[in-house]
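As structure tokens, the structure follows; a few thoughts come after it.
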Amino acid sequence: MTPLQASSSSFHTLVIRNVNMPEPTHGGEMARKYIKEVSDANMDDCIRSASFNADVQEAISKHVNLELRSWYAFKKLAADSSRADVNLHGFALLFEKSALECLADACYLEKYAIQRGGKAHPMDIPAPKIEYSTHPIDGIRPIQDALHIQKAIFEDCQRLTEVAGQNKDYALMDVVESRFLCKETKHVKDLGDLLREVARVSKNPGHGLFHLDKELLKNKGRIPWTCHNLPESADLVLKEMACSLGEPSAI
Ligand SMILES: [Fe+2]
């Protein structure tokens, strides 16, 4: 029976015909070849661009580890600030928010590396060596520690941009610049301001630290004057001046 006769008889014979198909045509062979090629291929290799090489991935893993170490250190500062012996809940909120941001950044970057065809490379996270002095309550050292942590993050972001630039990975450069560099610059300045403020109010022991803590608490852990540090605030001042001169479109 020819395949044509089988196909015209019944469903049963049709199945037999399909099983006894003639040798695959050239097109069929090609299709099977492509399917095998794709099935055997490493999809991470397929989506990864040449610029996203081992150096770039290592730089990302190191930054993820730094963010996680910073998260641990900020958690310790937050926990110490909440102790009954210290009772600075505004500072605790500030450190808690910083810790959360570090964790969010670590998760974001890890996910980004996977999106680019990379892998997660977890590294050890040592316990932070930070101890809050409570006799007397020391407001300066915790903020100094926080500033060092934030500055290290900022510098590592710059290193990450540098590695991305050296390898011409413009996509990573864009991510680091748009998501990380701007806000880390802001955090460093804000903590520098806060350190100066804590030192100022600590000169004469009294109500200073108490009021500063209350202010931080009222602002849910945000540094109250942070908006004045934004470069955009200069635009705003100029706009207001232009408006008062009757030239709102001048800026
Ligand atoms: Fe961060």
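Following the order of the structure tokens, chains are lettered A, B, ..., residues in each are numbered from 1, and ligands are numbered from 1.
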
Q. Leu191 (chain A): which residues within 8 Å, counting only C-alpha atoms, same-chain residues fewer than 4 positions away excluded, as a list in words?
A. Ile143, Ala146, Leu147, His187 and Leu195 of chain A

Residues from last step as file, C-alpha atoms, as a short mmCIF file (atom, residue, chain, number, x, y, z; two decimals), in the first residue's frame:
```
data_model
loop_
_atom_site.label_atom_id
_atom_site.label_comp_id
_atom_site.auth_asym_id
_atom_site.auth_seq_id
_atom_site.Cartn_x
_atom_site.Cartn_y
_atom_site.Cartn_z
CA ILE A 143 27.43 58.22 62.16
CA ALA A 146 27.75 54.97 58.60
CA LEU A 147 29.60 57.60 56.56
CA HIS A 187 23.86 59.77 50.96
CA LEU A 195 28.12 63.95 61.41
#
```

Q: Kindly provide, as a ChimeraX atom specification, all nucleotide and amino acid residues lying within 7 Å of ligand 1, counting only C-alpha atoms and all ligand atoms.
A: /A:67,101-102,105,153,180,184

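Here CA of Gly208 (chain A) is placed at a distance of 12.1 Å from CA of Leu88 (chain A).
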
Q: Name the residues in contact with region 229-246 of chain A at a cut-off of 12 Å, using only C-alpha atoms, excluding same-chain residues fewer than 5 positions from it; report them as a PyMOL selection string.
A: chain A and resi 182-183+185-193+223-224+251

Residues just named, written with C-alpha atoms as a PDB file, in the first residue's frame:
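part27.pdb, freshly written:
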```
ATOM      1  CA  CYS A 182      23.455  59.752  42.030  1.00  0.00           C
ATOM      2  CA  LYS A 183      21.822  58.497  45.219  1.00  0.00           C
ATOM      3  CA  THR A 185      26.563  60.796  46.220  1.00  0.00           C
ATOM      4  CA  LYS A 186      23.535  62.201  48.049  1.00  0.00           C
ATOM      5  CA  HIS A 187      23.864  59.770  50.962  1.00  0.00           C
ATOM      6  CA  VAL A 188      27.545  60.613  51.481  1.00  0.00           C
ATOM      7  CA  LYS A 189      26.819  64.359  51.685  1.00  0.00           C
ATOM      8  CA  ASP A 190      23.789  63.845  53.943  1.00  0.00           C
ATOM      9  CA  LEU A 191      25.789  61.709  56.367  1.00  0.00           C
ATOM     10  CA  GLY A 192      28.649  64.223  56.302  1.00  0.00           C
ATOM     11  CA  ASP A 193      26.147  66.917  57.282  1.00  0.00           C
ATOM     12  CA  ILE A 223      17.667  63.555  57.174  1.00  0.00           C
ATOM     13  CA  PRO A 224      15.371  66.627  57.350  1.00  0.00           C
ATOM     14  CA  ILE A 251      15.264  79.522  33.439  1.00  0.00           C
TER      15      ILE A 251
END
```

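The smallest atom-to-atom distance between Gln150 (chain A) and any of A:Lys129, A:Arg69, A:His121, A:Lys218, using only C-alpha atoms, is found for A:Arg69.
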
**Q.** Counting only C-alpha atoms, the residue of A:Leu181, A:Leu93, A:Ala106, A:Ala79 that sits nearest Asp213 (chain A)
**A.**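 So, comparing all the options, the nearest one is A:Leu93.
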
Show which residues sit within 9 Å of Arg159 (chain A), as a compact mmCIF listing (two decimals) with N, CA and C atoms, in the first residue's frame. Count only C-alpha atoms, and ignore same-chain residues fewer than 5 positions away.
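The resulting around_39.txt:
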```txt
# COMPACT_ATOMS: atom_id res chain seq x y z
N ALA A 59 33.22 42.05 39.09
CA ALA A 59 33.03 43.38 39.71
C ALA A 59 31.61 43.51 40.28
N PHE A 154 29.88 54.11 47.59
CA PHE A 154 29.98 55.08 46.49
C PHE A 154 31.25 54.83 45.65
N ALA A 164 33.14 48.56 33.89
CA ALA A 164 32.17 48.49 32.79
C ALA A 164 32.69 49.29 31.59
```

Q | Selection near Ala99 (chain A), 6 Å with only C-alpha atoms, sequence-local residues under 4 positions removed, as a PyMOL selection string | A | chain A and resi 71+74-75

Q.
Which residue is closest to Glu58 (chain A)? Choose from A:Ile149, A:Cys227, A:Val198, A:Met123 and count only C-alpha atoms.
A.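 So, comparing all the options, the nearest one is A:Met123.
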
Q: Would you mind listing what lies within 12 Å of Ile114 (chain A) as an MDAnalysis selection string, with only C-alpha atoms counted and same-chain residues fewer than 6 positions away left out?
A: chainID A and resid 43:45 47:48 52 57 60:61 107:108 120:121

Atoms to include: N, CA and C atoms. Write the selected residues as a tab-separated table (two decimals), in the first residue's frame.
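Below is the file that was written, result25.tsv:
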```
chain	number	residue	atom	x	y	z
A	43	MET	N	21.80	28.65	27.12
A	43	MET	CA	21.03	29.88	26.84
A	43	MET	C	21.68	31.11	27.46
A	44	ASP	N	22.37	30.92	28.61
A	44	ASP	CA	23.06	32.06	29.22
A	44	ASP	C	24.13	32.59	28.25
A	45	ASP	N	24.84	31.63	27.60
A	45	ASP	CA	25.87	32.03	26.62
A	45	ASP	C	25.23	32.77	25.44
A	47	ILE	N	22.47	34.63	25.39
A	47	ILE	CA	21.98	36.00	25.63
A	47	ILE	C	23.09	36.94	26.09
A	48	ARG	N	24.23	36.35	26.56
A	48	ARG	CA	25.30	37.20	27.11
A	48	ARG	C	26.09	37.89	26.01
A	52	PHE	N	29.97	41.62	28.48
A	52	PHE	CA	29.61	41.18	29.84
A	52	PHE	C	30.49	39.97	30.19
A	57	GLN	N	31.50	40.58	35.45
A	57	GLN	CA	30.68	39.79	36.38
A	57	GLN	C	31.30	39.73	37.77
A	60	ILE	N	30.63	42.96	39.57
A	60	ILE	CA	29.24	43.00	40.07
A	60	ILE	C	29.13	42.17	41.34
A	61	SER	N	29.70	40.96	41.33
A	61	SER	CA	29.61	40.08	42.51
A	61	SER	C	30.24	40.75	43.72
A	107	CYS	N	20.03	42.87	45.80
A	107	CYS	CA	19.08	42.01	45.08
A	107	CYS	C	18.94	42.48	43.63
A	108	TYR	N	18.87	43.80	43.46
A	108	TYR	CA	18.71	44.37	42.11
A	108	TYR	C	19.89	43.97	41.22
A	120	ALA	N	24.81	34.16	39.89
A	120	ALA	CA	25.05	34.69	41.23
A	120	ALA	C	26.29	34.00	41.80
A	121	HIS	N	27.20	34.79	42.37
A	121	HIS	CA	28.40	34.22	42.98
A	121	HIS	C	28.46	34.66	44.43
```

Skip Glu96 (chain A) itself and residues of its chain fewer than 4 positions away, then list as a PDB file with N, CA and C atoms, in the first residue's frame all residues within 12 Å of it, counting only C-alpha atoms.
```pdb
ATOM      1  N   SER A  70      27.359  45.795  54.012  1.00  0.00           N
ATOM      2  CA  SER A  70      26.874  47.092  54.502  1.00  0.00           C
ATOM      3  C   SER A  70      25.501  46.928  55.144  1.00  0.00           C
ATOM      4  N   TRP A  71      24.671  46.091  54.522  1.00  0.00           N
ATOM      5  CA  TRP A  71      23.340  45.799  55.100  1.00  0.00           C
ATOM      6  C   TRP A  71      23.500  45.265  56.523  1.00  0.00           C
ATOM      7  N   TYR A  72      24.459  44.347  56.710  1.00  0.00           N
ATOM      8  CA  TYR A  72      24.689  43.737  58.022  1.00  0.00           C
ATOM      9  C   TYR A  72      25.169  44.795  59.029  1.00  0.00           C
ATOM     10  N   ALA A  73      26.060  45.664  58.572  1.00  0.00           N
ATOM     11  CA  ALA A  73      26.608  46.703  59.458  1.00  0.00           C
ATOM     12  C   ALA A  73      25.518  47.704  59.855  1.00  0.00           C
ATOM     13  N   PHE A  74      24.688  48.115  58.886  1.00  0.00           N
ATOM     14  CA  PHE A  74      23.601  49.056  59.206  1.00  0.00           C
ATOM     15  C   PHE A  74      22.569  48.402  60.139  1.00  0.00           C
ATOM     16  N   LYS A  75      22.347  47.094  59.956  1.00  0.00           N
ATOM     17  CA  LYS A  75      21.416  46.387  60.839  1.00  0.00           C
ATOM     18  C   LYS A  75      21.922  46.437  62.278  1.00  0.00           C
ATOM     19  N   LYS A  76      23.232  46.266  62.426  1.00  0.00           N
ATOM     20  CA  LYS A  76      23.833  46.291  63.766  1.00  0.00           C
ATOM     21  C   LYS A  76      23.684  47.688  64.382  1.00  0.00           C
ATOM     22  N   LEU A  77      23.933  48.726  63.569  1.00  0.00           N
ATOM     23  CA  LEU A  77      23.793  50.103  64.071  1.00  0.00           C
ATOM     24  C   LEU A  77      22.342  50.381  64.470  1.00  0.00           C
ATOM     25  N   ALA A  78      21.404  49.887  63.662  1.00  0.00           N
ATOM     26  CA  ALA A  78      19.977  50.089  63.961  1.00  0.00           C
ATOM     27  C   ALA A  78      19.600  49.366  65.253  1.00  0.00           C
ATOM     28  N   ALA A  79      20.077  48.141  65.401  1.00  0.00           N
ATOM     29  CA  ALA A  79      19.746  47.355  66.597  1.00  0.00           C
ATOM     30  C   ALA A  79      20.316  48.029  67.845  1.00  0.00           C
ATOM     31  N   ASP A  80      21.562  48.505  67.747  1.00  0.00           N
ATOM     32  CA  ASP A  80      22.186  49.161  68.908  1.00  0.00           C
ATOM     33  C   ASP A  80      21.453  50.453  69.281  1.00  0.00           C
ATOM     34  N   SER A  81      21.020  51.200  68.265  1.00  0.00           N
ATOM     35  CA  SER A  81      20.330  52.465  68.534  1.00  0.00           C
ATOM     36  C   SER A  81      18.988  52.244  69.214  1.00  0.00           C
ATOM     37  N   SER A  82      18.405  51.073  69.003  1.00  0.00           N
ATOM     38  CA  SER A  82      17.080  50.772  69.585  1.00  0.00           C
ATOM     39  C   SER A  82      17.177  50.245  71.014  1.00  0.00           C
ATOM     40  N   HIS A  89      15.630  56.218  68.696  1.00  0.00           N
ATOM     41  CA  HIS A  89      14.834  55.524  67.673  1.00  0.00           C
ATOM     42  C   HIS A  89      14.817  56.243  66.327  1.00  0.00           C
ATOM     43  N   GLY A  90      15.084  57.525  66.323  1.00  0.00           N
ATOM     44  CA  GLY A  90      15.194  58.254  65.057  1.00  0.00           C
ATOM     45  C   GLY A  90      16.432  57.786  64.305  1.00  0.00           C
ATOM     46  N   PHE A  91      17.541  57.651  65.042  1.00  0.00           N
ATOM     47  CA  PHE A  91      18.783  57.149  64.436  1.00  0.00           C
ATOM     48  C   PHE A  91      18.578  55.698  63.985  1.00  0.00           C
ATOM     49  N   ALA A  92      17.864  54.938  64.817  1.00  0.00           N
ATOM     50  CA  ALA A  92      17.609  53.524  64.467  1.00  0.00           C
ATOM     51  C   ALA A  92      16.869  53.436  63.126  1.00  0.00           C
ATOM     52  N   LEU A 100      17.993  48.565  54.540  1.00  0.00           N
ATOM     53  CA  LEU A 100      17.019  48.090  53.546  1.00  0.00           C
ATOM     54  C   LEU A 100      17.456  48.453  52.131  1.00  0.00           C
ATOM     55  N   GLU A 101      17.980  49.671  51.994  1.00  0.00           N
ATOM     56  CA  GLU A 101      18.416  50.115  50.666  1.00  0.00           C
ATOM     57  C   GLU A 101      19.582  49.259  50.162  1.00  0.00           C
ATOM     58  N   CYS A 102      20.514  48.923  51.076  1.00  0.00           N
ATOM     59  CA  CYS A 102      21.653  48.070  50.693  1.00  0.00           C
ATOM     60  C   CYS A 102      21.152  46.705  50.216  1.00  0.00           C
ATOM     61  N   LEU A 103      20.175  46.157  50.939  1.00  0.00           N
ATOM     62  CA  LEU A 103      19.634  44.845  50.577  1.00  0.00           C
ATOM     63  C   LEU A 103      18.944  44.920  49.213  1.00  0.00           C
ATOM     64  N   ALA A 146      28.720  54.949  59.705  1.00  0.00           N
ATOM     65  CA  ALA A 146      27.746  54.966  58.603  1.00  0.00           C
ATOM     66  C   ALA A 146      28.315  55.708  57.393  1.00  0.00           C
ATOM     67  N   LEU A 217      13.170  61.036  63.871  1.00  0.00           N
ATOM     68  CA  LEU A 217      11.990  60.195  64.070  1.00  0.00           C
ATOM     69  C   LEU A 217      10.773  60.794  63.358  1.00  0.00           C
ATOM     70  N   LYS A 220      10.733  60.131  59.761  1.00  0.00           N
ATOM     71  CA  LYS A 220      10.766  58.686  59.455  1.00  0.00           C
ATOM     72  C   LYS A 220      12.163  58.215  59.027  1.00  0.00           C
ATOM     73  N   GLY A 221      13.175  58.741  59.703  1.00  0.00           N
ATOM     74  CA  GLY A 221      14.544  58.285  59.452  1.00  0.00           C
ATOM     75  C   GLY A 221      15.250  59.020  58.322  1.00  0.00           C
ATOM     76  N   ARG A 222      14.548  59.980  57.700  1.00  0.00           N
ATOM     77  CA  ARG A 222      15.184  60.757  56.620  1.00  0.00           C
ATOM     78  C   ARG A 222      15.861  61.978  57.220  1.00  0.00           C
TER      79      ARG A 222
END
```

Q: Check the DSSP output for the backbone and give back, as a ChimeraX atom specification, the residues of region 67-201 of chain A in helix (DSSP H, G or I).
A: /A:67-82,89-115,140-166,170-201

Q. Mind pulling up the distance from CA of Glu155 (chain A) to CA of Arg200 (chain A)?
A.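 Value for the CA of Arg200 (chain A)-CA of Glu155 (chain A) distance: 27.3 Å.
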